[in-house]
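Let me begin by presenting the structure, written as structure tokens, before commenting on it.
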Amino acid sequence: MTAVLLRRLLRLLVVCFGISLITFLLLHISGDPVAMILPEATEADRATLRETLGLNRPLLVQYGSFIGRAVQGDFGQSFFHRSPALPLVFERMPTTLLLTFFALALAVCMAIPAGILTAVKRYSFVDHLATLLVLLGQSMPVFWTGIMLILLFAVAWNLLPASGWDTWASTILPAITLGTFQAPLFLRISRSAMLEVLGLDYVRTARAKGLKEQVVIIKHALKNAAIPIVTVIGLQFGVLLGGAVVTETVFAIPGTGRLIVRAIGQLDFPVVQAGVITLALIIVLINFIVDLLYLYLNPQVRIS
Amino acid sequence: MNATTPDLAGQTISLQSSLRRHRWRKFVRHPLGVIGGLILLVVFGSALLADYLAPHEPNKQRLIARFKPPVWAQGGNTTYLLGTDNVGRDIFSRIIHGSRISLSVGIAAVGISLLIGVTLGLLSGFLGGRVDATIMALVDIMLAFPQLILAFAMVAVLGPGIGNIILVLGLTGWERYARVVRAEVLALREREFVQAARAIGVATPTIIFRHIMPNTFSSVIVMATLQTAQAILAEAALSFLGLGTGQSYPSWGQMISLGRDYINVAWWLSTFPGIAILLTVLAINLLGDRVRDILDPRMT
């Protein structure tokens, strides 16, 4: 058990290192940020700025100092906002995480009961309907879903705001957009996980004992089906955050995703680096927790 | 399995062709797979024949015909079946031409991912040891990065454009193939026919490419089909965010993005390109699901 934990921790460190290296390298083979900051300056002025920003040193040295400062939370000044990059990311992170959380909660509340129902009533009308919805849901681009919702609820019926993140009402459409983006997969997974468990001997035994069907399903079957469901939900967190970036753009939500997309357009390296690394680290940490949870939930792994 | 003795060869071939017939019958029996195939045929057809099928030049601007609604809406006419955009370009023609971007990006990106992923998976699974550890660490890193976010960063570096989008999506989508192929190789290398090949002194590359690789095909084909759908969605998302294939040629994601700006005046701008994406991706998913059902030996 300790060995497994240590291996997971080591992997966590390797992944963090890899993420920092990729992020660093990527943005340093791109265009010249100095030309973006000072479009009309003389070459001498640009050289001075390059000097101050440390952009003229060898790559390896730059990476070294980048890591050194990054672990202290210092990603440098945003070229565009003229303020430290990491706080800019952190300021907007609660919005992004809240959106992700709403969407996740919505997706789980829709998908898992539906998944259980379709597994129990396999090949029924409800099951076929759910399969159809899953297929449609998985084929819809998330930003298009958002726009269609805006067209209906904001433009046509004038019920909800089309953009922003300042009132409770304005969070509804983004959460539904991102939630329906994830729900199909969750439904699929919980259905197949339940089906697998429902066919097992111990479920038959529970039924044979004369337990109520609800007890069999909720207490006996669901408990074991939970392992793959939890794993998939955890592993999907990255995809969900990626979707949040797009959703934020559709609804003009002032979150981290929109910040990063804009920073890319402005070649604002520090903000892109701080944003991408923060998002990646959150995902790595969540995957790590899911791993631990998996170890805990699965007695086979726990005992060996 | 490729090891066949000469006197059995004829029999093997007839077995294979009967298996193929059996699979084809199985495919045709299920309506959803056939529907998917037919939709896809239409999309492929419009990509190939876009120049002949599109009633208008996709980039031709006609300022007197701005914001024409689709033919069935009030004020619409048959010249512009699905209406026009803010500079009077024909939506229907742009959707037909846009299929080229979606299909070529989807297929080419998956091709690159396949090449990288299958190669690394084979090496990782067969060689094991340090090579395996390094490749798997790389896979872990790639899995930790959400594809879309890594793709943003890469597009920022390389700049937009169709070649770069293909490269970016190809480079960010290979880790699943590597994982699955590795797992299959680990299972296969202990099998008797591989052990036998090794015992009679067959060279390692031959074992990998002739004996092991063909046996990983069915799961790889299924994944590649479904990944094509994902790549098309990813391209659309990048184009939507303005990090896509550029303005010179219409792409569905970009058209939806333009529609977002005029959402209060012209609903058709983003609705129809979205339906095009939906149908294409749905068709690929339907087909992929069927192919999986047929190729998965546990189901046969």
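By convention here, the chains of the structure tokens are called A, B, ... in the order presented, each chain's residues are numbered starting at 1, and ligands are numbered starting at 1 in the order presented.
Those residues of chain A that fall within 7 Å of chain B when using only C-alpha atoms read Val15, Gly18, Ile19, Leu26, Leu27, Ile29, Ser30, Gly31, Leu135, Leu136, Ser139, Met140, Pro141, Trp144, Ile147, Leu151, Val155, Gly238, Val239, Gly242, Ile264, Val276, Ala280, Ile283 and Val284 of chain A.
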Written file, previous selection with N, CA and C atoms, as a compact mmCIF listing (two decimals), in the first residue's frame:
```txt
# COMPACT_ATOMS: atom_id res chain seq x y z
N VAL A 15 4.76 14.22 -13.60
CA VAL A 15 3.74 14.88 -14.41
C VAL A 15 3.83 16.40 -14.25
N GLY A 18 6.77 17.63 -16.19
CA GLY A 18 6.48 17.59 -17.62
C GLY A 18 5.60 18.75 -18.04
N ILE A 19 4.58 19.02 -17.23
CA ILE A 19 3.65 20.10 -17.55
C ILE A 19 4.39 21.43 -17.60
N LEU A 26 6.74 25.57 -25.11
CA LEU A 26 5.75 25.97 -26.11
C LEU A 26 5.75 27.46 -26.32
N LEU A 27 5.69 28.19 -25.21
CA LEU A 27 5.49 29.62 -25.36
C LEU A 27 6.78 30.33 -25.69
N ILE A 29 8.94 29.19 -28.06
CA ILE A 29 9.29 29.11 -29.48
C ILE A 29 8.30 29.94 -30.30
N SER A 30 7.42 30.64 -29.61
CA SER A 30 6.42 31.41 -30.37
C SER A 30 6.95 32.81 -30.67
N GLY A 31 6.05 33.66 -31.13
CA GLY A 31 6.44 34.99 -31.58
C GLY A 31 7.13 35.85 -30.52
N LEU A 135 -26.55 9.65 -27.58
CA LEU A 135 -25.91 9.79 -28.89
C LEU A 135 -25.95 11.23 -29.37
N LEU A 136 -27.11 11.87 -29.22
CA LEU A 136 -27.24 13.26 -29.65
C LEU A 136 -26.34 14.16 -28.81
N SER A 139 -22.74 14.20 -29.60
CA SER A 139 -22.35 14.71 -30.91
C SER A 139 -22.51 16.22 -31.02
N MET A 140 -23.01 16.87 -29.97
CA MET A 140 -23.22 18.31 -30.04
C MET A 140 -21.97 19.06 -29.59
N PRO A 141 -21.54 20.04 -30.37
CA PRO A 141 -20.44 20.88 -29.89
C PRO A 141 -20.94 21.72 -28.72
N TRP A 144 -22.07 25.28 -29.35
CA TRP A 144 -23.31 25.38 -30.11
C TRP A 144 -24.52 25.15 -29.21
N ILE A 147 -25.16 28.34 -27.54
CA ILE A 147 -25.78 29.35 -28.40
C ILE A 147 -27.25 29.03 -28.64
N LEU A 151 -30.40 31.34 -27.79
CA LEU A 151 -31.44 31.67 -28.78
C LEU A 151 -32.83 31.42 -28.21
N VAL A 155 -33.08 35.04 -26.25
CA VAL A 155 -33.54 35.84 -27.38
C VAL A 155 -35.04 35.64 -27.63
N GLY A 238 -10.71 17.06 -16.42
CA GLY A 238 -9.91 17.82 -17.37
C GLY A 238 -10.72 18.25 -18.58
N VAL A 239 -11.49 17.30 -19.11
CA VAL A 239 -12.33 17.60 -20.26
C VAL A 239 -13.35 18.67 -19.89
N GLY A 242 -11.74 22.01 -19.85
CA GLY A 242 -11.57 22.43 -21.24
C GLY A 242 -12.89 22.98 -21.79
N ILE A 264 -3.72 34.33 -25.17
CA ILE A 264 -3.09 33.69 -26.33
C ILE A 264 -3.09 34.66 -27.50
N VAL A 276 -2.40 28.05 -17.84
CA VAL A 276 -2.34 26.65 -18.27
C VAL A 276 -1.79 25.77 -17.16
N ALA A 280 -3.77 22.75 -15.34
CA ALA A 280 -3.21 21.40 -15.42
C ALA A 280 -2.96 20.84 -14.02
N ILE A 283 -6.09 19.64 -12.41
CA ILE A 283 -6.51 18.36 -12.98
C ILE A 283 -5.66 17.22 -12.44
N VAL A 284 -4.34 17.45 -12.38
CA VAL A 284 -3.44 16.41 -11.86
C VAL A 284 -3.80 16.07 -10.43
```
Which polymer residues have any atom within 8 Å of an atom of A:Pro184, counting only C-alpha atoms, with same-chain residues fewer than 6 positions away left out, as a PDB file with C-alpha atoms, in the first residue's frame?
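Written file, result.pdb:
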```pdb
ATOM      1  CA  ALA A 111     -27.035  11.061 -15.513  1.00  0.00           C
ATOM      2  CA  LEU A 133     -30.306  11.292 -26.100  1.00  0.00           C
ATOM      3  CA  VAL A 134     -26.811  10.113 -25.220  1.00  0.00           C
ATOM      4  CA  LEU A 135     -25.912   9.794 -28.889  1.00  0.00           C
ATOM      5  CA  GLY A 137     -25.620  14.800 -26.583  1.00  0.00           C
ATOM      6  CA  GLN A 138     -22.227  13.331 -27.393  1.00  0.00           C
TER       7      GLN A 138
END
```
I need the residues of stretch 92-184 of chain A that end up classed as helix (DSSP H, G or I) by DSSP on the backbone, written out as a ChimeraX atom specification. /A:92-120,125-139,142-156,168-184
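For the residues B:Thr206, B:Ser14, B:Ser113, B:Thr78, ranking by smallest atom-to-atom distance to B:Leu171 using only C-alpha atoms places B:Ser113 first.
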Residue neighbourhood stretch 212-217 of chain A, 9 Å, only C-alpha atoms, exclusion window fewer than 4 positions, as JSON, numbers by chain: {"A": [116, 120, 194, 198, 203, 206, 207, 221, 222, 223]}
- Query: If we count only C-alpha atoms, what is near stretch 53-66 of chain B at a cut-off of 9 Å, once residues fewer than 6 positions away on the same chain are taken out, given as a VMD selection string?
  - Reply: chain B and resid 46 79 to 80 83 to 97 248 to 250
Output N, CA and C atoms for every residue in the selection just made, as a tab-separated table (two decimals), in the first residue's frame.
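In the end it all went to again.tsv:
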```
chain	number	residue	atom	x	y	z
B	46	SER	N	-20.33	15.82	-50.31
B	46	SER	CA	-20.34	17.27	-50.44
B	46	SER	C	-18.94	17.84	-50.30
B	79	THR	N	-33.15	31.52	-53.64
B	79	THR	CA	-31.76	31.76	-54.04
B	79	THR	C	-30.82	31.38	-52.90
B	80	TYR	N	-31.22	31.71	-51.67
B	80	TYR	CA	-30.39	31.40	-50.52
B	80	TYR	C	-31.16	30.46	-49.59
B	83	GLY	N	-30.32	30.97	-46.05
B	83	GLY	CA	-30.10	32.37	-45.69
B	83	GLY	C	-28.68	32.83	-45.96
B	84	THR	N	-28.43	34.10	-45.59
B	84	THR	CA	-27.09	34.66	-45.80
B	84	THR	C	-26.59	35.29	-44.49
B	85	ASP	N	-25.29	35.58	-44.44
B	85	ASP	CA	-24.72	36.14	-43.21
B	85	ASP	C	-24.60	37.67	-43.28
B	86	ASN	N	-23.79	38.22	-42.40
B	86	ASN	CA	-23.72	39.68	-42.26
B	86	ASN	C	-23.15	40.39	-43.47
B	87	VAL	N	-22.44	39.65	-44.35
B	87	VAL	CA	-21.94	40.30	-45.57
B	87	VAL	C	-22.56	39.66	-46.81
B	88	GLY	N	-23.65	38.93	-46.61
B	88	GLY	CA	-24.38	38.39	-47.74
B	88	GLY	C	-23.80	37.12	-48.35
B	89	ARG	N	-22.99	36.39	-47.58
B	89	ARG	CA	-22.49	35.11	-48.10
B	89	ARG	C	-23.55	34.03	-47.87
B	90	ASP	N	-23.65	33.10	-48.81
B	90	ASP	CA	-24.68	32.06	-48.76
B	90	ASP	C	-24.30	30.99	-47.73
B	91	ILE	N	-25.15	30.82	-46.71
B	91	ILE	CA	-24.84	29.88	-45.63
B	91	ILE	C	-24.76	28.44	-46.15
B	92	PHE	N	-25.71	28.07	-47.01
B	92	PHE	CA	-25.76	26.70	-47.52
B	92	PHE	C	-24.44	26.36	-48.24
B	93	SER	N	-23.98	27.26	-49.10
B	93	SER	CA	-22.74	27.00	-49.84
B	93	SER	C	-21.56	26.91	-48.88
B	94	ARG	N	-21.58	27.76	-47.86
B	94	ARG	CA	-20.46	27.75	-46.91
B	94	ARG	C	-20.46	26.46	-46.09
B	95	ILE	N	-21.64	25.95	-45.78
B	95	ILE	CA	-21.70	24.70	-45.03
B	95	ILE	C	-21.16	23.56	-45.89
B	96	ILE	N	-21.54	23.53	-47.18
B	96	ILE	CA	-21.04	22.48	-48.06
B	96	ILE	C	-19.52	22.53	-48.14
B	97	HIS	N	-18.98	23.75	-48.30
B	97	HIS	CA	-17.52	23.85	-48.38
B	97	HIS	C	-16.86	23.56	-47.03
B	248	SER	N	-9.76	32.38	-44.54
B	248	SER	CA	-9.81	32.32	-46.00
B	248	SER	C	-10.77	31.26	-46.50
B	249	TYR	N	-11.01	30.22	-45.71
B	249	TYR	CA	-11.93	29.16	-46.15
B	249	TYR	C	-12.97	28.93	-45.07
B	250	PRO	N	-14.25	28.77	-45.43
B	250	PRO	CA	-15.27	28.64	-44.39
B	250	PRO	C	-15.11	27.36	-43.55
```
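The two atoms in question, atom CA of A:Gly243 and atom CA of A:Leu185, are spaced 14.0 Å apart.
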Separating atom CA of A:Ser124 from atom CA of B:Leu38, to the nearest tenth of an Å, is a gap of 26.9 Å
- Item | Selection: 10 Å around B:Leu123, only C-alpha atoms, excl. self and same-chain fewer than 2 positions, as a list in words | Gly117, Val118, Thr119, Leu120, Gly121, Gly125, Phe126, Leu127, Gly128, Val131, Asp132, Ile135, Ala178, Val181, Arg182, Val185, Pro205 and Ile208 of chain B
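With only C-alpha atoms as the atoms that count, the residue of A:Ala119, A:Pro161, A:Leu149, A:Met110 with the shortest distance to A:Gln182 is A:Met110.
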